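A short write-up of the structure that comes next.
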Amino acid sequence: MQGWPSYDRAPPLSLPLPFLLASPCWLFIAGLCLMLVGPGPLDRFDPASLAAAHLLALGVLGNAMFGAALQILAVVAGVSFSRPRLLLHALFWPLQLGCGLLAAAFLNGFLPALLLPAAALLGWALLVFAGFGLHGIARSPARDATTRGMASALVALLAAAGLGIALAGTLGAAWPLPWKTLLDWHALWALGGWLLGLIMAVAATVVPMFQITPAYPARWMRHAAMIWPASLLASGLGWQLTASWLAWLPAWMAALAFAAMTWRLQRRSRRPGDCGRRFWQMAMAALALGLLAAWLVAADMLAAGWAALSGWLLLFGLGAGAVLGMFYKILPFLLWLDLQRKAPPGARPPATLALLPESAQRRCLFVFSACLAMGCALALGELPGTAAGVGTCALAALVAWDAGRAVWRHRACARNWRETQAAGVMP
């Protein structure tokens, strides 16, 4: 059963907002890195490709997921934030500095002087965030699908962070560890366990709430938090032991079942004209196509170069698609909720669509669709990195502009209330 969010427990706006606003900034930097990619099919080990991928995963998706997860941990799981300012500084600055240093390390030939400090900063941010979330969930009485799914995703984040630290030590400090095995498991738990796991958990709340759809099937809600990580673990172990594409069947079947259920719910939405539906539908389509491409590569039916296409579909198509679909709903809602708390007697805050109109999301959907297509063409060597990078920078600038305008409207409303009260017009 899914619990109903309690917004009285929401943290102050100053905790999630910096993470959400940092996300488009890193998207712009990721676009700059894509401009450095050489001609031909995308090589997953190319320094510029590695930098762009990790900027997307940690800077763009990481910041957005941190901001959304902190809010959901409070309002759904009932996790309390006794010192939100301290938590913000403990997580935000190490994450930003670590992202920058890691990208610089990749662009400079895995330079240990950059790689090891990046691993330390990112390891701190990710491990502290996961530990805080798991500790809060353990103390919370909430046991709904979103809470259980978030706990599962946070455990996967711990695994992905630990494996990433081990990889950095292997490449930067010559630790005697099998880097290829570490890389496979790091990608599995980062993309599958953390990214898709958190999307599955959050979807149980945000899809019915924002898209006005029926709830996910009760059986899925009860067991998804166990089925998904167990499927990932079984597939990962099977691949390591047999190197057969059949080993991926458990994980692929579970992921495709989630995509099919989400797509079906989106089609039954009572807000068929809502643009957020299109983001989620594109994200689920990218998930299905990315899994298909990965399966065909594993079965030797496609060249290994197609693995880059699968990675782009999963990281950008699924990750950025779902995140942007939530970003344009969660950001104005958080701003509205903050104004609701600050409103003087008799005053009403502007509606969420007045803070961030639907037309802004439609523009973003159009640019995102173009960037997704250009990234696919880049991965297959059909488009130069410059074009895909420019498109990604344009998307980042658009999202930053929309977010900035929403924050400006929020502050203008709060400032108007303060001035009116100071003038004695409003109690």
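In the structure tokens, chains take letters A, B, ... by order of appearance, with residues numbered from 1 within each chain and ligands from 1 in the order shown.
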
Practice item. For Ser140 of chain A, list every protein, DNA or RNA residue within 12 Å, evaluated using only C-alpha atoms, and leave out those in the same chain fewer than 2 positions away; present the list as JSON, numbers by chain. Key: {"A": [73, 74, 75, 76, 77, 78, 79, 80, 133, 134, 135, 136, 137, 138, 142, 143, 144, 147, 148, 151]}

Exercise for review: Just the residues within 12 Å of segment 112-120 of chain A, please, counting only C-alpha atoms, with nothing from its chain fewer than 4 positions along; format it as number ranges by chain.
Suggested key: A: 51, 54, 58, 93-108, 124-128, 161-174

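Relative to atom CA of Leu70 of chain A, atom CA of Ser14 of chain A is found at 11.4 Å.
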
Review point. Which polymer residues have any atom within 10 Å of an atom of Ala187 of chain A, counting only C-alpha atoms, with same-chain residues fewer than 3 positions away left out, as an MDAnalysis selection string?
Key: chainID A and resid 160 163:164 182:184 190:194 311

Exercise for review: Would you list the contacts of segment 391-407 of chain A as an MDAnalysis selection string, taking every protein, DNA or RNA residue within 10 Å and counting only C-alpha atoms, but skipping same-chain residues closer than 4 positions in sequence?
Suggested key: chainID A and resid 17 20:32 34:35 60 324 327:328 331:332 335:336 352:357 360:361 363:372 374:375 385:387 411:413

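Between atom CA of Ala224 of chain A and atom CA of Leu15 of chain A the separation is 29.0 Å.
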
Exercise for review: May I ask for the distance between atom CA of His410 of chain A and atom CA of Ser359 of chain A, given in Å to one decimal place?
Suggested key: 18.0 Å

Practice item. Check the smallest atom-to-atom distance from each of A:Ala257, A:Val323, A:Leu291, A:Met200 to Gly67 of chain A using only C-alpha atoms, then report the winner. Key: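 Under the stated criterion, the closest residue is A:Val323.
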
Exercise for review: Excluding Leu292 of chain A and residues on its chain fewer than 5 positions from it, collect all residues at most 9 Å away from it, counting only C-alpha atoms, and give them as a PyMOL selection string.
Suggested key: chain A and resi 252+287+297+310

I need the residues from that last selection saved to file as a PDB file, in the first residue's frame (with N, CA, C and O atoms), if you can.
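Saved result, out33.pdb, follows:
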ATOM      1  N   TRP A 252      16.372  -7.787 -17.252  1.00  0.00           N
ATOM      2  CA  TRP A 252      15.662  -7.196 -18.377  1.00  0.00           C
ATOM      3  C   TRP A 252      14.152  -7.384 -18.251  1.00  0.00           C
ATOM      4  O   TRP A 252      13.378  -6.476 -18.548  1.00  0.00           O
ATOM      5  N   LEU A 287      14.277   3.414 -22.065  1.00  0.00           N
ATOM      6  CA  LEU A 287      14.649   2.252 -21.246  1.00  0.00           C
ATOM      7  C   LEU A 287      14.514   0.959 -22.041  1.00  0.00           C
ATOM      8  O   LEU A 287      15.430   0.121 -22.069  1.00  0.00           O
ATOM      9  N   VAL A 297      23.940  -6.491 -28.109  1.00  0.00           N
ATOM     10  CA  VAL A 297      25.408  -6.434 -28.005  1.00  0.00           C
ATOM     11  C   VAL A 297      25.920  -7.641 -27.225  1.00  0.00           C
ATOM     12  O   VAL A 297      26.900  -8.288 -27.616  1.00  0.00           O
ATOM     13  N   SER A 310      23.386   2.226 -26.241  1.00  0.00           N
ATOM     14  CA  SER A 310      22.621   1.750 -25.090  1.00  0.00           C
ATOM     15  C   SER A 310      22.873   2.633 -23.879  1.00  0.00           C
ATOM     16  O   SER A 310      21.940   3.009 -23.159  1.00  0.00           O
TER      17      SER A 310
END

Point to revise | Counting only C-alpha atoms, the residue of A:Pro344, A:Pro229, A:Pro18, A:Pro176 that sits nearest Trp189 of chain A | key: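 Closest to Trp189 of chain A of all the choices is A:Pro229.
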
Exercise for review: Excluding Ala203 of chain A and residues on its chain fewer than 4 positions from it, collect all residues at most 10 Å away from it, counting only C-alpha atoms, and give them as an NGL selection string.
Suggested key: :A and (145-146 or 149 or 197-199 or 207-210 or 215-216 or 258 or 262 or 280 or 322 or 326)

Go ahead and write the selection's residues with N, CA, C and O atoms as a short mmCIF file (atom, residue, chain, number, x, y, z; two decimals), in the first residue's frame.
data_model
loop_
_atom_site.label_atom_id
_atom_site.label_comp_id
_atom_site.auth_asym_id
_atom_site.auth_seq_id
_atom_site.Cartn_x
_atom_site.Cartn_y
_atom_site.Cartn_z
N ALA A 145 5.54 1.50 -0.59
CA ALA A 145 6.37 1.08 -1.72
C ALA A 145 7.50 2.05 -2.00
O ALA A 145 8.63 1.63 -2.30
N THR A 146 7.23 3.36 -1.93
CA THR A 146 8.28 4.34 -2.19
C THR A 146 9.38 4.27 -1.15
O THR A 146 10.57 4.32 -1.49
N GLY A 149 11.38 1.09 -1.71
CA GLY A 149 12.17 1.23 -2.93
C GLY A 149 13.34 2.17 -2.75
O GLY A 149 14.43 1.93 -3.28
N GLY A 197 16.51 2.15 -9.93
CA GLY A 197 15.87 1.79 -8.66
C GLY A 197 15.18 2.98 -8.02
O GLY A 197 14.05 2.86 -7.51
N LEU A 198 15.83 4.15 -8.04
CA LEU A 198 15.20 5.34 -7.46
C LEU A 198 14.02 5.80 -8.31
O LEU A 198 12.99 6.24 -7.78
N ILE A 199 14.16 5.71 -9.64
CA ILE A 199 13.03 6.09 -10.51
C ILE A 199 11.84 5.19 -10.22
O ILE A 199 10.70 5.66 -10.13
N VAL A 207 4.04 9.53 -10.11
CA VAL A 207 3.24 9.28 -11.31
C VAL A 207 1.74 9.38 -11.01
O VAL A 207 1.02 10.13 -11.68
N PRO A 208 1.22 8.68 -9.99
CA PRO A 208 -0.21 8.87 -9.70
C PRO A 208 -0.53 10.29 -9.22
O PRO A 208 -1.62 10.81 -9.52
N MET A 209 0.40 10.94 -8.48
CA MET A 209 0.09 12.25 -7.91
C MET A 209 0.11 13.35 -8.96
O MET A 209 -0.82 14.17 -9.03
N PHE A 210 1.15 13.41 -9.78
CA PHE A 210 1.28 14.50 -10.74
C PHE A 210 0.58 14.22 -12.07
O PHE A 210 0.12 15.14 -12.73
N ALA A 215 -2.98 3.80 -9.47
CA ALA A 215 -1.77 3.35 -8.80
C ALA A 215 -1.16 2.16 -9.55
O ALA A 215 -1.84 1.49 -10.34
N TYR A 216 0.12 1.92 -9.31
CA TYR A 216 0.75 0.72 -9.85
C TYR A 216 0.08 -0.52 -9.27
O TYR A 216 -0.52 -0.46 -8.18
N PHE A 258 8.42 -2.93 -15.55
CA PHE A 258 8.20 -1.59 -15.00
C PHE A 258 7.90 -0.60 -16.12
O PHE A 258 6.99 0.23 -15.99
N THR A 262 4.39 1.48 -16.43
CA THR A 262 4.39 2.95 -16.40
C THR A 262 3.76 3.51 -17.67
O THR A 262 2.97 4.47 -17.62
N TRP A 280 7.80 11.11 -19.37
CA TRP A 280 7.83 9.75 -18.82
C TRP A 280 7.70 8.69 -19.91
O TRP A 280 8.37 7.65 -19.87
N ALA A 322 13.23 11.14 -17.25
CA ALA A 322 12.44 11.05 -16.02
C ALA A 322 12.71 12.22 -15.10
O ALA A 322 11.79 12.78 -14.48
N MET A 326 10.08 15.18 -13.82
CA MET A 326 9.80 15.48 -12.42
C MET A 326 10.24 16.90 -12.06
O MET A 326 9.61 17.56 -11.24
#

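Distance annotation: of A:Ala343, A:Val390, A:Ala377, A:Ala48, the residue with the minimal separation from Asn416 of chain A is A:Ala343; atom set is only C-alpha atoms.
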
Review point. Within 12 Å of Arg271 of chain A, counting only C-alpha atoms, which residues qualify if same-chain residues fewer than 3 places away don't, as a PyMOL selection string?
Key: chain A and resi 207-214+265-268+274-278

Point to revise | Backbone-only DSSP, helix (DSSP H, G or I) members of segment 65-130 of chain A, as an NGL selection string | key: :A and (65-75 or 84-107 or 112-130)
